[in-house]
$ cat model_34.txt   # compact mmCIF, N, CA and C atoms
# COMPACT_ATOMS: atom_id res chain seq x y z
N MET V 1 1.48 18.52 9.10
CA MET V 1 1.61 17.30 8.34
C MET V 1 2.36 17.59 7.05
N ARG V 2 3.26 16.69 6.70
CA ARG V 2 4.05 16.86 5.49
C ARG V 2 3.22 16.52 4.25
N ASN V 3 3.61 17.12 3.14
CA ASN V 3 3.01 16.74 1.87
C ASN V 3 3.51 15.35 1.50
N LYS V 4 2.62 14.51 1.00
CA LYS V 4 3.00 13.16 0.57
C LYS V 4 3.87 13.22 -0.67
N ILE V 5 4.85 12.36 -0.70
CA ILE V 5 5.68 12.19 -1.89
C ILE V 5 5.11 11.02 -2.66
N VAL V 6 4.76 11.26 -3.91
CA VAL V 6 4.19 10.22 -4.76
C VAL V 6 5.05 10.12 -6.01
N LYS V 7 5.52 8.91 -6.29
CA LYS V 7 6.31 8.66 -7.50
C LYS V 7 5.75 7.43 -8.19
N SER V 8 6.05 7.30 -9.45
CA SER V 8 5.64 6.12 -10.20
C SER V 8 6.53 4.94 -9.80
N GLU V 9 6.07 3.76 -10.14
CA GLU V 9 6.86 2.55 -9.88
C GLU V 9 8.22 2.67 -10.56
N ALA V 10 8.25 3.17 -11.77
CA ALA V 10 9.50 3.33 -12.51
C ALA V 10 10.45 4.30 -11.80
N GLU V 11 9.92 5.39 -11.26
CA GLU V 11 10.76 6.35 -10.54
C GLU V 11 11.35 5.73 -9.28
N TRP V 12 10.53 4.98 -8.51
CA TRP V 12 11.05 4.32 -7.31
C TRP V 12 12.12 3.30 -7.69
N ARG V 13 11.87 2.52 -8.74
CA ARG V 13 12.85 1.50 -9.17
C ARG V 13 14.17 2.14 -9.59
N ALA V 14 14.12 3.29 -10.22
CA ALA V 14 15.33 3.98 -10.65
C ALA V 14 16.12 4.52 -9.46
N GLN V 15 15.42 4.90 -8.40
CA GLN V 15 16.05 5.51 -7.24
C GLN V 15 16.62 4.48 -6.26
N LEU V 16 15.96 3.36 -6.10
CA LEU V 16 16.28 2.39 -5.06
C LEU V 16 17.01 1.17 -5.61
N THR V 17 17.75 0.49 -4.72
CA THR V 17 18.33 -0.80 -5.10
C THR V 17 17.18 -1.80 -5.21
N PRO V 18 17.39 -2.92 -5.88
CA PRO V 18 16.33 -3.92 -5.95
C PRO V 18 15.82 -4.38 -4.58
N GLU V 19 16.71 -4.56 -3.62
CA GLU V 19 16.30 -4.98 -2.27
C GLU V 19 15.53 -3.87 -1.56
N GLN V 20 15.98 -2.63 -1.66
CA GLN V 20 15.25 -1.51 -1.07
C GLN V 20 13.85 -1.41 -1.68
N TYR V 21 13.75 -1.58 -2.98
CA TYR V 21 12.45 -1.51 -3.65
C TYR V 21 11.55 -2.64 -3.15
N ARG V 22 12.07 -3.86 -3.10
CA ARG V 22 11.27 -5.01 -2.67
C ARG V 22 10.71 -4.82 -1.27
N VAL V 23 11.54 -4.31 -0.36
CA VAL V 23 11.09 -4.13 1.02
C VAL V 23 10.16 -2.92 1.16
N THR V 24 10.57 -1.76 0.65
CA THR V 24 9.82 -0.53 0.92
C THR V 24 8.59 -0.36 0.05
N ARG V 25 8.63 -0.80 -1.20
CA ARG V 25 7.51 -0.56 -2.11
C ARG V 25 6.62 -1.80 -2.27
N GLU V 26 7.19 -3.00 -2.04
CA GLU V 26 6.41 -4.23 -2.20
C GLU V 26 6.12 -4.91 -0.86
N LYS V 27 6.43 -4.23 0.24
CA LYS V 27 6.17 -4.71 1.61
C LYS V 27 6.88 -6.01 1.93
N GLY V 28 8.14 -6.08 1.50
CA GLY V 28 8.95 -7.26 1.78
C GLY V 28 9.62 -7.17 3.14
N THR V 29 10.40 -8.18 3.44
CA THR V 29 11.18 -8.22 4.68
C THR V 29 12.56 -8.75 4.37
N GLU V 30 13.57 -8.09 4.92
CA GLU V 30 14.93 -8.60 4.75
C GLU V 30 15.13 -9.77 5.71
N PRO V 31 16.05 -10.68 5.41
CA PRO V 31 16.30 -11.79 6.33
C PRO V 31 16.80 -11.28 7.68
N PRO V 32 16.40 -11.95 8.79
CA PRO V 32 16.87 -11.52 10.10
C PRO V 32 18.40 -11.61 10.19
N PHE V 33 18.98 -10.70 10.96
CA PHE V 33 20.42 -10.63 11.22
C PHE V 33 21.24 -10.35 9.96
N SER V 34 20.60 -9.85 8.90
CA SER V 34 21.32 -9.55 7.66
C SER V 34 21.60 -8.06 7.50
N GLY V 35 20.99 -7.23 8.33
CA GLY V 35 21.09 -5.78 8.19
C GLY V 35 22.41 -5.22 8.67
N ARG V 36 22.64 -3.98 8.31
CA ARG V 36 23.91 -3.34 8.62
C ARG V 36 23.90 -2.57 9.93
N TYR V 37 22.76 -2.33 10.54
CA TYR V 37 22.71 -1.48 11.71
C TYR V 37 22.78 -2.28 13.00
N ARG V 38 23.75 -1.97 13.80
CA ARG V 38 23.95 -2.58 15.11
C ARG V 38 23.79 -1.50 16.18
N ILE V 39 23.72 -1.91 17.41
CA ILE V 39 23.62 -0.97 18.52
C ILE V 39 24.93 -0.19 18.62
N SER V 40 24.83 1.12 18.74
CA SER V 40 26.02 1.95 18.95
C SER V 40 25.63 3.14 19.81
N ASP V 41 26.62 3.79 20.38
CA ASP V 41 26.39 4.97 21.21
C ASP V 41 26.41 6.26 20.40
N GLU V 42 26.63 6.15 19.12
CA GLU V 42 26.72 7.33 18.26
C GLU V 42 25.36 8.03 18.18
N HIS V 43 25.38 9.34 18.35
CA HIS V 43 24.15 10.12 18.26
C HIS V 43 23.80 10.31 16.79
N GLY V 44 22.53 10.15 16.48
CA GLY V 44 22.10 10.37 15.11
C GLY V 44 20.66 9.97 14.90
N ILE V 45 20.22 10.14 13.67
CA ILE V 45 18.83 9.91 13.28
C ILE V 45 18.81 8.94 12.10
N TYR V 46 17.85 8.03 12.13
CA TYR V 46 17.60 7.13 11.00
C TYR V 46 16.53 7.77 10.12
N HIS V 47 16.83 7.85 8.83
CA HIS V 47 15.94 8.47 7.84
C HIS V 47 15.39 7.42 6.89
N CYS V 48 14.27 7.73 6.28
CA CYS V 48 13.67 6.88 5.27
C CYS V 48 14.59 6.82 4.05
N VAL V 49 14.86 5.62 3.56
CA VAL V 49 15.73 5.45 2.40
C VAL V 49 15.06 5.97 1.12
N CYS V 50 13.75 6.07 1.12
CA CYS V 50 13.03 6.52 -0.07
C CYS V 50 12.95 8.05 -0.18
N CYS V 51 12.65 8.72 0.94
CA CYS V 51 12.39 10.17 0.86
C CYS V 51 13.22 11.00 1.84
N ASN V 52 14.08 10.37 2.61
CA ASN V 52 14.97 11.04 3.55
C ASN V 52 14.25 11.67 4.75
N ALA V 53 13.02 11.30 5.00
CA ALA V 53 12.30 11.82 6.18
C ALA V 53 12.94 11.25 7.45
N PRO V 54 13.15 12.07 8.48
CA PRO V 54 13.67 11.57 9.75
C PRO V 54 12.62 10.71 10.45
N LEU V 55 13.04 9.52 10.92
CA LEU V 55 12.08 8.55 11.46
C LEU V 55 12.34 8.13 12.91
N PHE V 56 13.59 7.78 13.23
CA PHE V 56 13.92 7.22 14.55
C PHE V 56 15.25 7.77 15.04
N GLU V 57 15.37 7.94 16.35
CA GLU V 57 16.63 8.37 16.97
C GLU V 57 17.42 7.17 17.44
N ASN V 58 18.73 7.23 17.28
CA ASN V 58 19.59 6.12 17.72
C ASN V 58 19.47 5.88 19.22
N GLU V 59 19.24 6.92 20.01
CA GLU V 59 19.15 6.74 21.46
C GLU V 59 17.93 5.93 21.89
N HIS V 60 16.97 5.71 20.99
CA HIS V 60 15.79 4.92 21.31
C HIS V 60 15.84 3.53 20.68
N LYS V 61 17.03 3.16 20.21
CA LYS V 61 17.25 1.84 19.61
C LYS V 61 17.68 0.88 20.73
N PHE V 62 17.25 -0.37 20.62
CA PHE V 62 17.65 -1.37 21.61
C PHE V 62 17.82 -2.72 20.93
N ASP V 63 18.51 -3.63 21.59
CA ASP V 63 18.74 -4.96 21.06
C ASP V 63 17.62 -5.88 21.50
N ALA V 64 16.70 -6.15 20.60
CA ALA V 64 15.56 -7.02 20.91
C ALA V 64 15.89 -8.49 20.64
N GLY V 65 17.03 -8.74 20.01
CA GLY V 65 17.41 -10.11 19.71
C GLY V 65 16.61 -10.73 18.57
N CYS V 66 15.85 -9.92 17.84
CA CYS V 66 14.97 -10.44 16.79
C CYS V 66 15.62 -10.46 15.42
N GLY V 67 16.76 -9.79 15.25
CA GLY V 67 17.44 -9.78 13.97
C GLY V 67 17.22 -8.56 13.12
N TRP V 68 16.40 -7.63 13.60
CA TRP V 68 16.16 -6.37 12.89
C TRP V 68 16.37 -5.21 13.84
N PRO V 69 16.73 -4.03 13.33
CA PRO V 69 16.83 -2.86 14.21
C PRO V 69 15.50 -2.63 14.93
N SER V 70 15.58 -2.38 16.23
CA SER V 70 14.37 -2.19 17.04
C SER V 70 14.46 -0.87 17.79
N PHE V 71 13.36 -0.17 17.83
CA PHE V 71 13.25 1.13 18.49
C PHE V 71 12.03 1.09 19.40
N ASP V 72 12.06 1.87 20.49
CA ASP V 72 10.90 1.88 21.38
C ASP V 72 9.91 2.98 21.03
N ARG V 73 10.25 3.82 20.06
CA ARG V 73 9.34 4.89 19.63
C ARG V 73 9.88 5.55 18.36
N PRO V 74 8.99 6.13 17.56
CA PRO V 74 9.45 6.91 16.41
C PRO V 74 9.96 8.27 16.86
N LEU V 75 10.57 8.99 15.96
CA LEU V 75 11.12 10.31 16.27
C LEU V 75 10.04 11.28 16.72
N GLY V 76 8.90 11.26 16.07
CA GLY V 76 7.81 12.17 16.43
C GLY V 76 6.47 11.54 16.11
N ARG V 77 5.42 12.18 16.57
CA ARG V 77 4.06 11.66 16.36
C ARG V 77 3.71 11.49 14.90
N HIS V 78 4.28 12.31 14.05
CA HIS V 78 3.91 12.29 12.63
C HIS V 78 5.02 11.74 11.74
N SER V 79 5.99 11.04 12.33
CA SER V 79 7.08 10.47 11.54
C SER V 79 6.66 9.22 10.78
N VAL V 80 5.86 8.39 11.44
CA VAL V 80 5.42 7.15 10.83
C VAL V 80 3.90 7.03 10.94
N GLU V 81 3.35 6.13 10.15
CA GLU V 81 1.94 5.80 10.23
C GLU V 81 1.83 4.31 10.51
N GLU V 82 0.75 3.92 11.16
CA GLU V 82 0.53 2.52 11.51
C GLU V 82 -0.82 2.09 10.99
N GLN V 83 -0.88 0.88 10.46
CA GLN V 83 -2.14 0.34 9.97
C GLN V 83 -2.17 -1.17 10.18
N PRO V 84 -3.36 -1.73 10.35
CA PRO V 84 -3.49 -3.17 10.54
C PRO V 84 -2.94 -3.94 9.34
N ASP V 85 -2.31 -5.07 9.60
CA ASP V 85 -1.74 -5.91 8.56
C ASP V 85 -2.12 -7.36 8.87
N GLY V 86 -2.99 -7.93 8.05
CA GLY V 86 -3.42 -9.31 8.24
C GLY V 86 -2.75 -10.28 7.30
N SER V 87 -1.64 -9.88 6.70
CA SER V 87 -0.95 -10.75 5.74
C SER V 87 -0.28 -11.93 6.44
N HIS V 88 0.00 -12.95 5.68
CA HIS V 88 0.71 -14.14 6.15
C HIS V 88 0.00 -14.84 7.31
N GLY V 89 -1.33 -14.68 7.39
CA GLY V 89 -2.10 -15.36 8.43
C GLY V 89 -1.86 -14.83 9.83
N MET V 90 -1.30 -13.62 9.95
CA MET V 90 -1.01 -13.02 11.26
C MET V 90 -1.73 -11.68 11.37
N GLN V 91 -2.00 -11.27 12.59
CA GLN V 91 -2.53 -9.93 12.85
C GLN V 91 -1.39 -9.10 13.42
N ARG V 92 -0.91 -8.15 12.63
CA ARG V 92 0.20 -7.29 13.04
C ARG V 92 -0.17 -5.85 12.73
N THR V 93 0.72 -4.94 13.15
CA THR V 93 0.56 -3.53 12.82
C THR V 93 1.74 -3.10 11.98
N GLU V 94 1.45 -2.75 10.73
CA GLU V 94 2.49 -2.30 9.81
C GLU V 94 2.90 -0.87 10.13
N VAL V 95 4.18 -0.57 9.94
CA VAL V 95 4.72 0.78 10.12
C VAL V 95 5.21 1.26 8.75
N THR V 96 4.72 2.45 8.35
CA THR V 96 5.14 3.04 7.09
C THR V 96 5.64 4.47 7.32
N CYS V 97 6.43 4.96 6.40
CA CYS V 97 6.88 6.35 6.44
C CYS V 97 5.67 7.24 6.19
N ALA V 98 5.51 8.24 7.02
CA ALA V 98 4.36 9.15 6.88
C ALA V 98 4.47 10.03 5.64
N ARG V 99 5.68 10.23 5.14
CA ARG V 99 5.87 11.12 3.99
C ARG V 99 5.67 10.41 2.66
N CYS V 100 6.15 9.16 2.53
CA CYS V 100 6.11 8.51 1.22
C CYS V 100 5.46 7.13 1.23
N ASP V 101 4.94 6.71 2.36
CA ASP V 101 4.26 5.41 2.50
C ASP V 101 5.18 4.21 2.31
N ALA V 102 6.48 4.39 2.45
CA ALA V 102 7.39 3.25 2.35
C ALA V 102 7.13 2.29 3.51
N HIS V 103 7.10 1.00 3.18
CA HIS V 103 6.99 -0.02 4.22
C HIS V 103 8.31 -0.06 4.99
N LEU V 104 8.22 0.09 6.32
CA LEU V 104 9.42 0.08 7.15
C LEU V 104 9.54 -1.21 7.95
N GLY V 105 8.42 -1.73 8.42
CA GLY V 105 8.41 -2.93 9.25
C GLY V 105 7.10 -3.03 10.00
N HIS V 106 7.18 -3.48 11.27
CA HIS V 106 5.98 -3.65 12.10
C HIS V 106 6.27 -3.19 13.52
N VAL V 107 5.22 -2.90 14.27
CA VAL V 107 5.37 -2.54 15.67
C VAL V 107 4.65 -3.60 16.51
N PHE V 108 5.28 -3.99 17.61
CA PHE V 108 4.76 -5.03 18.49
C PHE V 108 4.72 -4.52 19.93
N PRO V 109 3.81 -5.05 20.75
CA PRO V 109 3.68 -4.59 22.14
C PRO V 109 4.59 -5.34 23.11
N ASP V 110 5.79 -5.73 22.65
CA ASP V 110 6.71 -6.49 23.52
C ASP V 110 8.05 -5.78 23.68
N GLY V 111 8.03 -4.46 23.66
CA GLY V 111 9.24 -3.68 23.83
C GLY V 111 9.58 -3.49 25.29
N PRO V 112 10.59 -2.66 25.58
CA PRO V 112 11.03 -2.44 26.95
C PRO V 112 9.91 -1.87 27.83
N PRO V 113 9.53 -2.58 28.89
CA PRO V 113 8.44 -2.09 29.74
C PRO V 113 8.80 -0.81 30.50
N GLU V 114 10.08 -0.55 30.66
CA GLU V 114 10.50 0.65 31.39
C GLU V 114 10.41 1.92 30.53
N THR V 115 10.16 1.75 29.22
CA THR V 115 9.98 2.94 28.38
C THR V 115 8.54 2.91 27.82
N THR V 116 8.39 2.57 26.55
CA THR V 116 7.06 2.61 25.93
C THR V 116 6.36 1.26 25.90
N GLY V 117 7.10 0.18 26.07
CA GLY V 117 6.54 -1.15 25.94
C GLY V 117 6.35 -1.57 24.48
N LEU V 118 6.84 -0.74 23.55
CA LEU V 118 6.69 -1.02 22.12
C LEU V 118 8.03 -1.40 21.50
N ARG V 119 7.94 -2.22 20.45
CA ARG V 119 9.12 -2.60 19.67
C ARG V 119 8.81 -2.33 18.21
N TYR V 120 9.38 -1.25 17.68
CA TYR V 120 9.28 -0.94 16.27
C TYR V 120 10.39 -1.74 15.58
N CYS V 121 10.00 -2.81 14.93
CA CYS V 121 10.91 -3.75 14.28
C CYS V 121 11.04 -3.30 12.82
N ILE V 122 12.20 -2.73 12.48
CA ILE V 122 12.36 -2.01 11.22
C ILE V 122 13.42 -2.67 10.33
N ASN V 123 13.11 -2.80 9.06
CA ASN V 123 14.08 -3.34 8.10
C ASN V 123 15.22 -2.35 7.91
N SER V 124 16.45 -2.82 8.03
CA SER V 124 17.59 -1.90 7.91
C SER V 124 17.73 -1.36 6.49
N VAL V 125 17.27 -2.08 5.47
CA VAL V 125 17.37 -1.56 4.10
C VAL V 125 16.37 -0.43 3.85
N ALA V 126 15.45 -0.24 4.77
CA ALA V 126 14.45 0.84 4.63
C ALA V 126 14.89 2.15 5.26
N ILE V 127 16.02 2.14 5.96
CA ILE V 127 16.49 3.33 6.69
C ILE V 127 17.97 3.60 6.42
N GLU V 128 18.36 4.85 6.62
CA GLU V 128 19.76 5.27 6.52
C GLU V 128 20.09 6.09 7.75
N PHE V 129 21.26 5.82 8.33
CA PHE V 129 21.70 6.52 9.54
C PHE V 129 22.47 7.77 9.18
N HIS V 130 22.09 8.89 9.79
CA HIS V 130 22.81 10.16 9.64
C HIS V 130 23.36 10.51 11.02
N SER V 131 24.68 10.45 11.18
CA SER V 131 25.27 10.71 12.50
C SER V 131 25.33 12.19 12.82
N GLY V 132 25.35 12.47 14.10
CA GLY V 132 25.51 13.84 14.58
C GLY V 132 24.30 14.73 14.50
N GLU V 133 23.16 14.20 14.17
CA GLU V 133 21.95 15.05 14.07
C GLU V 133 21.33 15.25 15.43
$ encode --input "model_34.txt" --output "structure tokens"
Amino acid sequence: MRNKIVKSEAEWRAQLTPEQYRVTREKGTEPPFSGRYRISDEHGIYHCVCCNAPLFENEHKFDAGCGWPSFDRPLGRHSVEEQPDGSHGMQRTEVTCARCDAHLGHVFPDGPPETTGLRYCINSVAIEFHSGE
């Protein structure tokens, strides 16, 4: 297990854009279909925008039609953490970075049945793509 990265609110604000801060530190959501990541065949890894931890592989990304990058699984068992989220009158499962607790999005049980059956619905402002990894 990795050591947790803990920073003050001021340190996170200095490091992140206002939108990155709102989504990752305040548990916000970017508007659907506004993100920069589309489906591609390029090999690479998506990393946490806050701490650079590797989170998801491009080969496990799929087009869910929901407006956010979707993956059928995280990179590894300890890449992300999941916890119940009862906000906004809904029962969902929040996905956070295991290293820095950044809010990434939510996971739903409506992913591709031929793989995991899961859909990790991730805010694109919470991740950065590193090609060739």
$ closest_atom_pairs --input "model_34.txt" --of "segment 2-31 of chain V" --to "segment 43-58 of chain V" --cutoff "8 Å" --atoms "all atoms listed in the file" --output "Markdown table"
| residue | atom | partner | partner_atom | distance |
| --- | --- | --- | --- | --- |
| V:Ile5 | CA | V:Cys51 | CA | 7.5 |
| V:Trp12 | CA | V:Cys50 | CA | 7.8 |
| V:Gln15 | C | V:Cys50 | CA | 7.4 |
| V:Leu16 | CA | V:Val49 | C | 7.2 |
| V:Gln20 | CA | V:Val49 | CA | 7.8 |
| V:Thr24 | CA | V:Cys50 | N | 7.7 |
$ select_by_dssp --input "model_34.txt" --residues "chain V" --states "alpha helix (DSSP H)" --output "list in words"
Glu9, Ala10, Glu11, Trp12, Arg13, Ala14, Gln15, Pro18, Glu19, Gln20, Tyr21, Arg22, Val23 and Thr24 of chain V
$ closest_residue --input "model_34.txt" --among "V:Ala102, V:Ala14, V:Met90, V:Val125" --to "Glu26 of chain V" --atoms "only N, CA and C atoms"
V:Ala102
$ atom_distance --input "model_34.txt" --atom1 "atom N of Ser34 of chain V" --atom2 "atom C of Glu128 of chain V"
16.0 Å
$ closest_residue --input "model_34.txt" --among "V:Gly86, V:Pro113, V:Phe129, V:Lys27" --to "Ser40 of chain V" --atoms "only C-alpha atoms"
V:Phe129
$ closest_residue --input "model_34.txt" --among "V:Ala126, V:Glu59, V:Thr93, V:His88" --to "Pro109 of chain V" --atoms "only C-alpha atoms"
V:Thr93
$ residues_around --input "model_34.txt" --residues "Gly111 of chain V" --least-positions-apart "3" --cutoff "12 Å" --atoms "only C-alpha atoms" --output "list in words"
His60, Lys61, Phe62, Asp63, Ala64, Gly65, Cys66, Ser70, Phe71, Asp72, Arg73, Val107, Phe108, Glu114, Thr115, Thr116, Gly117, Leu118, Arg119, Tyr120 and Cys121 of chain V
$ write_last_selection --input "model_34.txt" --atoms "N, CA and C atoms" --output "PDB file, in the coordinates of the input"
ATOM      1  N   HIS V  60      16.970   5.710  20.990  1.00  0.00           N
ATOM      2  CA  HIS V  60      15.790   4.920  21.310  1.00  0.00           C
ATOM      3  C   HIS V  60      15.840   3.530  20.680  1.00  0.00           C
ATOM      4  N   LYS V  61      17.030   3.160  20.210  1.00  0.00           N
ATOM      5  CA  LYS V  61      17.250   1.840  19.610  1.00  0.00           C
ATOM      6  C   LYS V  61      17.680   0.880  20.730  1.00  0.00           C
ATOM      7  N   PHE V  62      17.250  -0.370  20.620  1.00  0.00           N
ATOM      8  CA  PHE V  62      17.650  -1.370  21.610  1.00  0.00           C
ATOM      9  C   PHE V  62      17.820  -2.720  20.930  1.00  0.00           C
ATOM     10  N   ASP V  63      18.510  -3.630  21.590  1.00  0.00           N
ATOM     11  CA  ASP V  63      18.740  -4.960  21.060  1.00  0.00           C
ATOM     12  C   ASP V  63      17.620  -5.880  21.500  1.00  0.00           C
ATOM     13  N   ALA V  64      16.700  -6.150  20.600  1.00  0.00           N
ATOM     14  CA  ALA V  64      15.560  -7.020  20.910  1.00  0.00           C
ATOM     15  C   ALA V  64      15.890  -8.490  20.640  1.00  0.00           C
ATOM     16  N   GLY V  65      17.030  -8.740  20.010  1.00  0.00           N
ATOM     17  CA  GLY V  65      17.410 -10.110  19.710  1.00  0.00           C
ATOM     18  C   GLY V  65      16.610 -10.730  18.570  1.00  0.00           C
ATOM     19  N   CYS V  66      15.850  -9.920  17.840  1.00  0.00           N
ATOM     20  CA  CYS V  66      14.970 -10.440  16.790  1.00  0.00           C
ATOM     21  C   CYS V  66      15.620 -10.460  15.420  1.00  0.00           C
ATOM     22  N   SER V  70      15.580  -2.380  16.230  1.00  0.00           N
ATOM     23  CA  SER V  70      14.370  -2.190  17.040  1.00  0.00           C
ATOM     24  C   SER V  70      14.460  -0.870  17.790  1.00  0.00           C
ATOM     25  N   PHE V  71      13.360  -0.170  17.830  1.00  0.00           N
ATOM     26  CA  PHE V  71      13.250   1.130  18.490  1.00  0.00           C
ATOM     27  C   PHE V  71      12.030   1.090  19.400  1.00  0.00           C
ATOM     28  N   ASP V  72      12.060   1.870  20.490  1.00  0.00           N
ATOM     29  CA  ASP V  72      10.900   1.880  21.380  1.00  0.00           C
ATOM     30  C   ASP V  72       9.910   2.980  21.030  1.00  0.00           C
ATOM     31  N   ARG V  73      10.250   3.820  20.060  1.00  0.00           N
ATOM     32  CA  ARG V  73       9.340   4.890  19.630  1.00  0.00           C
ATOM     33  C   ARG V  73       9.880   5.550  18.360  1.00  0.00           C
ATOM     34  N   VAL V 107       5.220  -2.900  14.270  1.00  0.00           N
ATOM     35  CA  VAL V 107       5.370  -2.540  15.670  1.00  0.00           C
ATOM     36  C   VAL V 107       4.650  -3.600  16.510  1.00  0.00           C
ATOM     37  N   PHE V 108       5.280  -3.990  17.610  1.00  0.00           N
ATOM     38  CA  PHE V 108       4.760  -5.030  18.490  1.00  0.00           C
ATOM     39  C   PHE V 108       4.720  -4.520  19.930  1.00  0.00           C
ATOM     40  N   GLU V 114      10.080  -0.550  30.660  1.00  0.00           N
ATOM     41  CA  GLU V 114      10.500   0.650  31.390  1.00  0.00           C
ATOM     42  C   GLU V 114      10.410   1.920  30.530  1.00  0.00           C
ATOM     43  N   THR V 115      10.160   1.750  29.220  1.00  0.00           N
ATOM     44  CA  THR V 115       9.980   2.940  28.380  1.00  0.00           C
ATOM     45  C   THR V 115       8.540   2.910  27.820  1.00  0.00           C
ATOM     46  N   THR V 116       8.390   2.570  26.550  1.00  0.00           N
ATOM     47  CA  THR V 116       7.060   2.610  25.930  1.00  0.00           C
ATOM     48  C   THR V 116       6.360   1.260  25.900  1.00  0.00           C
ATOM     49  N   GLY V 117       7.100   0.180  26.070  1.00  0.00           N
ATOM     50  CA  GLY V 117       6.540  -1.150  25.940  1.00  0.00           C
ATOM     51  C   GLY V 117       6.350  -1.570  24.480  1.00  0.00           C
ATOM     52  N   LEU V 118       6.840  -0.740  23.550  1.00  0.00           N
ATOM     53  CA  LEU V 118       6.690  -1.020  22.120  1.00  0.00           C
ATOM     54  C   LEU V 118       8.030  -1.400  21.500  1.00  0.00           C
ATOM     55  N   ARG V 119       7.940  -2.220  20.450  1.00  0.00           N
ATOM     56  CA  ARG V 119       9.120  -2.600  19.670  1.00  0.00           C
ATOM     57  C   ARG V 119       8.810  -2.330  18.210  1.00  0.00           C
ATOM     58  N   TYR V 120       9.380  -1.250  17.680  1.00  0.00           N
ATOM     59  CA  TYR V 120       9.280  -0.940  16.270  1.00  0.00           C
ATOM     60  C   TYR V 120      10.390  -1.740  15.580  1.00  0.00           C
ATOM     61  N   CYS V 121      10.000  -2.810  14.930  1.00  0.00           N
ATOM     62  CA  CYS V 121      10.910  -3.750  14.280  1.00  0.00           C
ATOM     63  C   CYS V 121      11.040  -3.300  12.820  1.00  0.00           C
TER      64      CYS V 121
END
$ atom_distance --input "model_34.txt" --atom1 "atom CA of Glu81 of chain V" --atom2 "atom N of Ile127 of chain V"
15.2 Å
$ select_by_dssp --input "model_34.txt" --residues "chain V" --states "strand (DSSP E)" --output "ChimeraX atom specification"
/V:44-48,54-57,61-62,70-71,80-85,92-97,103-108,119-122,127-131
$ closest_residue --input "model_34.txt" --among "V:His103, V:Val6, V:Pro69, V:Gly89" --to "Gly35 of chain V" --atoms "only C-alpha atoms"
V:Pro69
$ atom_distance --input "model_34.txt" --atom1 "atom CA of Asp85 of chain V" --atom2 "atom CA of Gly105 of chain V"
10.6 Å
$ axis_aligned_box --input "model_34.txt" --around "segment 75-91 of chain V" --padding-each-side "8 Å" --output "AutoDock Vina command-line options"
--center_x 3.8 --center_y -1.5 --center_z 11.2 --size_x 30.6 --size_y 43.7 --size_z 27.0
$ closest_residue --input "model_34.txt" --among "V:Cys100, V:Glu82, V:Pro112, V:Tyr37" --to "Trp68 of chain V" --atoms "all atoms listed in the file"
V:Tyr37
